[in-house]
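Text of the file start_25.cif, holding mmCIF, C-alpha atoms (C1' of nucleotides):
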```cif
data_query
loop_
_atom_site.label_atom_id
_atom_site.label_comp_id
_atom_site.auth_asym_id
_atom_site.auth_seq_id
_atom_site.Cartn_x
_atom_site.Cartn_y
_atom_site.Cartn_z
CA MET I 102 126.10 235.91 67.87
CA ARG I 103 126.52 233.20 70.44
CA PRO I 104 125.65 229.65 69.46
CA LEU I 105 122.08 228.61 70.16
CA PHE I 106 121.53 226.58 73.28
CA HIS I 107 119.32 223.51 73.22
CA PRO I 108 118.87 221.48 76.38
CA ALA I 109 119.37 217.73 76.18
CA LEU I 110 116.14 215.80 76.48
CA GLU I 111 116.93 214.70 80.02
CA ASP I 112 117.66 218.25 81.09
CA ILE I 113 114.29 219.61 80.05
CA ARG I 114 112.37 220.84 83.07
CA PRO I 115 108.61 220.81 83.32
CA GLU I 116 108.52 224.27 84.90
CA ALA I 117 110.31 225.68 81.87
CA ILE I 118 107.79 224.05 79.54
CA LEU I 119 104.83 225.35 81.49
CA TYR I 120 106.32 228.77 81.82
CA ALA I 121 107.05 228.99 78.11
CA LEU I 122 103.52 227.91 77.27
CA SER I 123 101.87 230.20 79.79
CA ASP I 124 102.17 233.01 77.26
CA PRO I 125 99.45 232.96 74.60
CA GLU I 126 101.76 234.51 72.00
CA ARG I 127 104.29 231.76 72.49
CA VAL I 128 101.56 229.15 72.38
CA ALA I 129 100.32 230.59 69.11
CA ILE I 130 103.82 230.39 67.67
CA PHE I 131 104.41 226.90 68.99
CA ALA I 132 101.03 225.67 67.76
CA LYS I 133 101.70 227.01 64.28
CA LEU I 134 104.98 225.14 64.27
CA ALA I 135 103.46 221.99 65.73
CA THR I 136 100.67 221.83 63.22
CA ALA I 137 103.05 222.45 60.37
CA GLY I 138 101.83 224.31 57.33
CA CYS I 139 104.30 227.13 57.81
CA GLY I 140 107.92 227.45 56.92
CA GLY I 141 109.09 227.61 60.49
CA THR I 142 111.00 230.83 60.11
CA CYS I 143 110.65 233.49 62.78
CA SER I 144 109.22 236.15 60.54
CA ALA I 145 106.66 233.76 59.12
CA LEU I 146 105.32 233.39 62.65
CA ALA I 147 105.31 237.03 63.67
CA ASP I 148 101.81 237.82 62.46
CA LEU I 149 99.25 236.79 65.02
CA GLY I 150 96.40 238.44 63.21
CA ASP I 151 95.47 240.89 65.91
CA ARG I 152 98.98 242.23 66.26
CA VAL I 153 102.42 241.87 64.77
CA ILE I 154 105.00 240.93 67.37
CA PRO I 155 108.05 243.22 67.35
CA LYS I 156 111.24 241.59 66.11
CA SER I 157 113.07 241.70 69.39
CA SER I 158 110.13 240.30 71.31
CA LEU I 159 109.77 237.57 68.75
CA SER I 160 113.42 236.71 69.03
CA ASN I 161 112.99 236.46 72.77
CA HIS I 162 109.94 234.21 72.42
CA PHE I 163 111.96 231.84 70.27
CA LYS I 164 114.76 231.89 72.79
CA VAL I 165 112.36 230.95 75.59
CA LEU I 166 110.81 228.18 73.50
CA ARG I 167 114.23 226.90 72.49
CA GLU I 168 115.86 226.99 75.91
CA SER I 169 112.87 225.36 77.54
CA GLY I 170 113.30 222.49 75.09
CA LEU I 171 110.11 223.00 73.10
CA ILE I 172 111.70 223.74 69.78
CA ARG I 173 114.89 223.25 67.88
CA SER I 174 116.29 226.13 65.84
CA GLU I 175 118.83 225.89 63.13
CA ARG I 176 120.25 228.57 60.94
CA GLN I 177 119.69 227.96 57.27
CA GLY I 178 121.29 230.64 55.18
CA VAL I 179 119.96 234.00 56.17
CA GLU I 180 117.02 232.66 58.09
CA MET I 181 116.20 230.37 60.96
CA ARG I 182 114.40 227.07 60.66
CA ASN I 183 112.42 226.11 63.71
CA GLN I 184 110.78 222.82 64.48
CA THR I 185 109.09 221.44 67.54
CA ARG I 186 110.59 218.68 69.64
CA CYS I 187 107.18 217.12 70.16
CA ALA I 188 108.20 213.52 69.57
CA GLU I 189 111.07 213.70 72.04
CA LEU I 190 108.99 215.63 74.53
CA ASP I 191 106.18 213.15 74.41
CA GLN I 192 108.64 210.48 75.35
CA ARG I 193 109.81 212.42 78.38
CA PHE I 194 106.48 213.91 79.42
CA PRO I 195 103.77 211.64 78.03
CA GLY I 196 100.63 213.45 76.99
CA LEU I 197 101.76 216.81 78.32
CA ILE I 198 102.15 218.84 75.14
CA ARG I 199 99.06 217.37 73.62
CA SER I 200 96.84 218.15 76.57
CA ILE I 201 98.20 221.67 76.74
CA LEU I 202 97.46 222.33 73.09
CA VAL I 203 94.03 220.79 73.50
CA ALA I 204 93.40 223.06 76.48
CA TYR I 205 94.25 226.04 74.35
CA GLY I 206 92.02 224.76 71.57
CA GLN I 207 95.07 224.47 69.38
CA PHE I 208 95.02 220.83 68.54
CA PRO I 209 93.52 220.45 65.08
CA GLY I 210 94.16 216.76 64.86
CA GLN I 211 97.59 216.43 63.35
CA LEU I 212 100.69 217.14 65.39
CA GLU I 213 103.74 217.29 63.15
CA THR I 214 106.09 214.87 64.84
CA MET I 215 104.14 213.53 67.73
CA SER I 216 103.59 209.85 68.40
CA GLY I 217 103.20 209.00 64.74
CA GLU I 218 106.54 208.99 62.97
CA GLN I 219 109.35 208.43 65.44
CA SER I 220 111.30 211.40 64.06
CA ARG I 221 114.45 210.69 62.08
CA ASP I 222 116.52 212.41 64.77
CA ARG I 223 119.70 214.13 63.81
CA GLN I 224 121.59 213.68 67.08
CA MET W 259 89.92 241.62 103.82
CA ARG W 260 88.23 241.48 100.46
CA PRO W 261 86.20 238.40 99.61
CA LEU W 262 88.12 235.63 97.88
CA PHE W 263 87.69 235.45 94.14
CA HIS W 264 87.11 232.12 92.41
CA PRO W 265 86.65 232.04 88.65
CA ALA W 266 83.68 230.13 87.28
CA LEU W 267 84.68 226.92 85.52
CA GLU W 268 84.06 228.40 82.09
CA ASP W 269 86.19 231.43 82.87
CA ILE W 270 89.28 229.43 83.74
CA ARG W 271 92.04 230.19 81.28
CA PRO W 272 94.72 227.68 80.31
CA GLU W 273 97.46 230.33 80.45
CA ALA W 274 96.58 231.02 84.07
CA ILE W 275 96.79 227.33 84.91
CA LEU W 276 100.15 226.92 83.21
CA TYR W 277 101.49 230.07 84.76
CA ALA W 278 100.41 229.03 88.23
CA LEU W 279 101.99 225.61 87.80
CA SER W 280 105.22 226.92 86.29
CA ASP W 281 106.42 227.62 89.79
CA PRO W 282 107.80 224.56 91.58
CA GLU W 283 106.72 225.87 94.98
CA ARG W 284 103.16 226.24 93.83
CA VAL W 285 103.26 222.82 92.24
CA ALA W 286 104.49 221.35 95.51
CA ILE W 287 101.62 223.00 97.35
CA PHE W 288 99.08 221.98 94.76
CA ALA W 289 100.36 218.42 94.62
CA LYS W 290 100.14 218.09 98.41
CA LEU W 291 96.55 219.27 98.21
CA ALA W 292 95.75 217.04 95.26
CA THR W 293 97.13 213.93 96.84
CA ALA W 294 95.34 214.65 100.09
CA GLY W 295 96.88 213.56 103.36
CA CYS W 296 97.17 217.09 104.66
CA GLY W 297 94.72 219.42 106.28
CA GLY W 298 94.66 221.85 103.43
CA THR W 299 95.45 224.87 105.55
CA CYS W 300 98.02 227.33 104.33
CA SER W 301 100.40 226.90 107.21
CA ALA W 302 100.28 223.13 106.89
CA LEU W 303 101.64 223.53 103.37
CA ALA W 304 104.35 226.08 104.08
CA ASP W 305 107.08 223.59 104.84
CA LEU W 306 108.68 222.36 101.64
CA GLY W 307 111.44 220.51 103.41
CA ASP W 308 114.30 222.48 101.98
CA ARG W 309 112.83 225.82 102.96
CA VAL W 310 109.92 227.36 104.74
CA ILE W 311 107.97 229.75 102.54
CA PRO W 312 107.40 233.16 104.14
CA LYS W 313 103.82 233.86 105.10
CA SER W 314 103.24 236.63 102.61
CA SER W 315 104.69 234.64 99.75
CA LEU W 316 102.59 231.69 100.72
CA SER W 317 99.49 233.84 100.80
CA ASN W 318 100.34 235.05 97.33
CA HIS W 319 100.89 231.49 96.06
CA PHE W 320 97.42 230.57 97.28
CA LYS W 321 95.98 233.63 95.64
CA VAL W 322 97.55 232.68 92.31
CA LEU W 323 96.33 229.10 92.61
CA ARG W 324 92.86 230.27 93.59
CA GLU W 325 92.44 232.93 90.94
CA SER W 326 93.73 230.66 88.20
CA GLY W 327 90.99 228.22 89.17
CA LEU W 328 93.20 225.45 90.51
CA ILE W 329 91.94 225.50 94.07
CA ARG W 330 89.00 226.58 96.12
CA SER W 331 89.60 228.30 99.46
CA GLU W 332 87.12 228.72 102.21
CA ARG W 333 87.57 230.28 105.59
CA GLN W 334 86.83 227.89 108.41
CA GLY W 335 87.11 229.61 111.73
CA VAL W 336 90.53 231.05 112.12
CA GLU W 337 92.08 229.14 109.29
CA MET W 338 91.64 228.52 105.59
CA ARG W 339 90.59 225.25 104.03
CA ASN W 340 91.91 224.68 100.55
CA GLN W 341 90.94 222.00 98.11
CA THR W 342 91.77 221.40 94.49
CA ARG W 343 89.23 221.77 91.72
CA CYS W 344 90.66 218.75 89.91
CA ALA W 345 87.37 217.11 89.02
CA GLU W 346 85.93 220.28 87.50
CA LEU W 347 89.20 221.07 85.79
CA ASP W 348 89.45 217.65 84.24
CA GLN W 349 86.08 218.21 82.71
CA ARG W 350 87.16 221.47 81.15
CA PHE W 351 90.73 220.52 80.25
CA PRO W 352 90.81 216.74 79.92
CA GLY W 353 94.06 215.18 81.03
CA LEU W 354 95.81 218.48 81.59
CA ILE W 355 96.31 218.51 85.35
CA ARG W 356 97.19 214.86 85.42
CA SER W 357 99.85 215.10 82.75
CA ILE W 358 101.35 218.14 84.44
CA LEU W 359 101.60 216.40 87.77
CA VAL W 360 103.04 213.34 86.07
CA ALA W 361 105.63 215.54 84.35
CA TYR W 362 106.65 216.89 87.71
CA GLY W 363 106.82 213.39 89.11
CA GLN W 364 104.05 214.32 91.52
CA PHE W 365 101.44 211.81 90.62
CA PRO W 366 101.59 209.01 93.15
CA GLY W 367 98.55 207.23 91.85
CA GLN W 368 95.64 208.70 93.73
CA LEU W 369 94.32 212.12 92.87
CA GLU W 370 91.83 213.30 95.46
CA THR W 371 88.87 214.20 93.34
CA MET W 372 89.91 213.39 89.81
CA SER W 373 88.00 211.16 87.44
CA GLY W 374 87.10 208.65 90.13
CA GLU W 375 84.44 210.01 92.43
CA GLN W 376 82.50 212.74 90.70
CA SER W 377 82.95 215.05 93.70
CA ARG W 378 79.90 215.80 95.76
CA ASP W 379 80.06 219.43 94.72
CA ARG W 380 78.85 222.07 97.09
CA GLN W 381 77.70 224.62 94.48
"C1'" DT A 117 88.40 243.05 126.85
"C1'" DC A 118 92.42 241.08 125.53
"C1'" DA A 119 95.82 237.98 123.63
"C1'" DA A 120 97.04 234.58 120.24
"C1'" DC A 121 96.83 232.86 115.85
"C1'" DA A 122 96.04 232.33 110.61
"C1'" DG A 123 96.23 234.65 106.93
"C1'" DT A 124 96.07 239.19 104.06
"C1'" DT A 125 97.61 243.61 102.58
"C1'" DC A 126 101.05 247.10 101.96
"C1'" DC A 127 105.09 248.77 100.11
"C1'" DG A 128 109.91 249.16 98.80
"C1'" DA A 129 113.71 246.43 96.72
"C1'" DA A 130 115.05 243.21 93.34
"C1'" DT A 131 114.11 240.81 89.28
"C1'" DT A 132 111.95 240.14 84.90
"C1'" DT A 133 109.75 241.55 80.69
"C1'" DC A 134 109.21 244.45 76.73
"C1'" DT A 135 110.67 246.76 72.66
"C1'" DG A 136 113.10 250.38 69.78
"C1'" DA A 137 117.62 251.00 68.18
"C1'" DA A 138 121.97 249.35 67.08
"C1'" DC A 139 124.38 245.43 65.65
"C1'" DT A 140 125.77 240.79 63.31
"C1'" DA A 141 125.67 237.26 59.91
"C1'" DT A 142 124.53 235.59 55.43
"C1'" DG A 143 123.67 235.84 50.55
"C1'" DG A 144 123.07 238.10 46.25
"C1'" DA A 145 124.03 241.84 42.95
"C1'" DA A 146 127.02 245.14 40.83
"C1'" DT D 232 135.64 242.44 46.20
"C1'" DT D 233 132.35 245.82 47.91
"C1'" DC D 234 127.86 246.99 48.86
"C1'" DC D 235 123.11 246.32 49.97
"C1'" DA D 236 119.10 243.85 51.71
"C1'" DT D 237 117.30 240.61 54.69
"C1'" DA D 238 116.68 237.76 59.09
"C1'" DG D 239 117.50 237.65 63.36
"C1'" DT D 240 120.22 238.91 67.85
"C1'" DT D 241 121.86 241.89 71.40
"C1'" DC D 242 121.70 246.03 74.12
"C1'" DA D 243 119.71 249.21 77.22
"C1'" DG D 244 116.36 251.68 79.66
"C1'" DA D 245 111.41 251.98 80.87
"C1'" DA D 246 107.54 249.40 82.65
"C1'" DA D 247 105.65 245.63 84.99
"C1'" DT D 248 106.03 241.78 88.13
"C1'" DT D 249 107.66 239.24 92.06
"C1'" DC D 250 109.37 238.77 96.71
"C1'" DG D 251 109.09 239.16 101.54
"C1'" DG D 252 109.24 241.82 106.04
"C1'" DA D 253 106.22 244.60 108.70
"C1'" DA D 254 101.83 246.11 109.77
"C1'" DC D 255 97.11 244.91 109.65
"C1'" DT D 256 92.45 242.16 109.88
"C1'" DG D 257 89.32 238.81 111.41
"C1'" DT D 258 88.33 234.90 114.44
"C1'" DT D 259 88.49 232.27 118.64
"C1'" DG D 260 89.20 231.38 123.37
"C1'" DA D 261 90.48 232.96 128.03
#
```
Can you turn what I pasted into structure tokens?
Amino acid sequence: MRPLFHPALEDIRPEAILYALSDPERVAIFAKLATAGCGGTCSALADLGDRVIPKSSLSNHFKVLRESGLIRSERQGVEMRNQTRCAELDQRFPGLIRSILVAYGQFPGQLETMSGEQSRDRQ
Amino acid sequence: MRPLFHPALEDIRPEAILYALSDPERVAIFAKLATAGCGGTCSALADLGDRVIPKSSLSNHFKVLRESGLIRSERQGVEMRNQTRCAELDQRFPGLIRSILVAYGQFPGQLETMSGEQSRDRQ
DNA sequence: TCAACAGTTCCGAATTTCTGAACTATGGAA
DNA sequence: TTCCATAGTTCAGAAATTCGGAACTGTTGA
């Protein structure tokens, strides 16, 4: 398994962000992560209610989210911990993520790491 | 030639907007329209500097922009007049278009019909 | 009536997406 | 250790999408 790629903040491209979030399944996953309340593992995010995303598709969704710079993934034992990069992203693209989530009706008030706490970054 | 389809404001879907604007060529076209200064015809927008978009691709770009709800196209004689639906869109998805254009570095201060003038709508 | 022009449609090639099946990595139990 | 279960990744082929040249359509002006 090749090491997971995460773009540096300055390498994040708006087209990648928009592309990643132009898929409602990925938005649903990202919104769940952004609004916390879930463990952040892949499997915990597979159930969208109306359908269960196949494993391989899910894995690909996470790859797209990760490589576009929207999330950070980190192996923890047998599973994967995912977290959004909202705080960083808001620095680079002010207001973007928020207005996208609002547009999707996925902004219930509290974004995990956005604007509030300045994220105790580990790198 | 079938009649051009324009979604009603309430039928505009965020995923369509993001998808349409996840392509840098379409963003370039849309930004030129949004910041005025050009006629709004297709051919006037074909030249991106580094490459000239083929006619059929250009036509498709306009179709994507139109059917996502980002622009309105109207035949005027032999050519097509295009205009953004920024004012309407900002009503439905507050801040979205603006923050996207800012993210792309395509927001030079003056958006044609956004927030300022409430657009003398023709319909 | 005809030619020119702006843009659309068609269609085949190339690329991308999707997902089941096989595989890999980790941790726990025997 | 070895073995099994679990979480997720990679592979591969089918399906869907995108791209763009060539042919077509609709409009204007000569």
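Using all atoms listed in the file, the chain I residues found within 6 Å of chain W amount to Glu116, Leu119, Tyr120, Ser123, Phe194, Leu197, Ser200 and Ala204 of chain I.
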Could you give me, as a Markdown table, a per-residue list for chain D showing, wherever an atom lies at most 9 Å from an atom of chain W, the closest pair of atoms and their distance in Å to one decimal, using all atoms listed in the file and sorting by chain then residue number from low to high?
```
| residue | atom | partner | partner_atom | distance |
| --- | --- | --- | --- | --- |
| D:DC250 | C1' | W:Ser315 | CA | 6.9 |
| D:DG251 | C1' | W:Ser314 | CA | 6.5 |
| D:DG252 | C1' | W:Ser314 | CA | 8.6 |
| D:DT256 | C1' | W:Met259 | CA | 6.6 |
| D:DG257 | C1' | W:Val336 | CA | 7.9 |
| D:DT258 | C1' | W:Val336 | CA | 5.0 |
| D:DT259 | C1' | W:Val336 | CA | 6.9 |
```
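Distance-wise, atom CA of Ala289 of chain W and atom CA of Leu347 of chain W end up 14.5 Å apart.
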Exercise answer, chain A residues close to chain W, 9 Å and all atoms listed in the file, as a PyMOL selection string: chain A and resi 121-125
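For the pair atom CA of Phe365 of chain W and atom CA of Ala286 of chain W, the separation is 11.1 Å.
If you count only C-alpha atoms (C1' of nucleotides) and ignore residues fewer than 5 places along the chain from Ala266 of chain W, what sits within 12 Å of it is Arg271, Arg324, Glu325, Ser326, Gly327, Leu328, Ile329, Arg330, Arg343, Glu346, Leu347, Arg350 and Gln381 of chain W.
Among the candidate residues I:Asn183, I:Glu126, I:Val165, I:Ala135, the one lying nearest to Ala147 of chain I is I:Glu126, with distances computed using all atoms listed in the file.
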Straight-line distance linking atom CA of Gln364 of chain W with atom CA of Gly307 of chain W, stated in Å to one decimal: 15.3 Å
Output of the PyMOL selection byres ((chain D and resi 247) around 12), listed as a PyMOL selection string: (chain A and resi 131-134) or (chain D and resi 245-246+248-249)
With all atoms of segment 241-251 of chain D from the file as input, state the centre and edge lengths in Å to one decimal of the axis-aligned box that has 8 Å extra on each side, as lines of an AutoDock Vina configuration file.
```
center_x = 113.8
center_y = 245.4
center_z = 86.5
size_x = 32.2
size_y = 29.2
size_z = 46.1
```
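Using only C-alpha atoms, the smallest distance between any of W:Val310, W:Arg339, W:Phe320, W:Leu262 and Gly298 of chain W comes from W:Arg339.
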Exercise: DA119 of chain A partners within 10 Å, all atoms listed in the file, chain neighbours under 2 positions left out, as a PyMOL selection string: (chain A and resi 117+121) or (chain D and resi 260-261)
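Selection by the PyMOL selection byres ((chain D and resi 233) around 9) on the present file picks out DA146 of chain A; DT232 and DC234 of chain D.
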Neighbour list for DG244 of chain D as number ranges by chain, cut-off 12 Å, all atoms listed in the file, skip fewer than 4 positions in-chain: A: 134-137
Would you put the residues from that selection into a file with C-alpha atoms (C1' of nucleotides), as a PDB file, in the frame of the given file?
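Generated file (out29.pdb):
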```pdb
ATOM      1  C1'  DC A 134     109.210 244.450  76.730  1.00  0.00           C
ATOM      2  C1'  DT A 135     110.670 246.760  72.660  1.00  0.00           C
ATOM      3  C1'  DG A 136     113.100 250.380  69.780  1.00  0.00           C
ATOM      4  C1'  DA A 137     117.620 251.000  68.180  1.00  0.00           C
TER       5       DA A 137
END
```
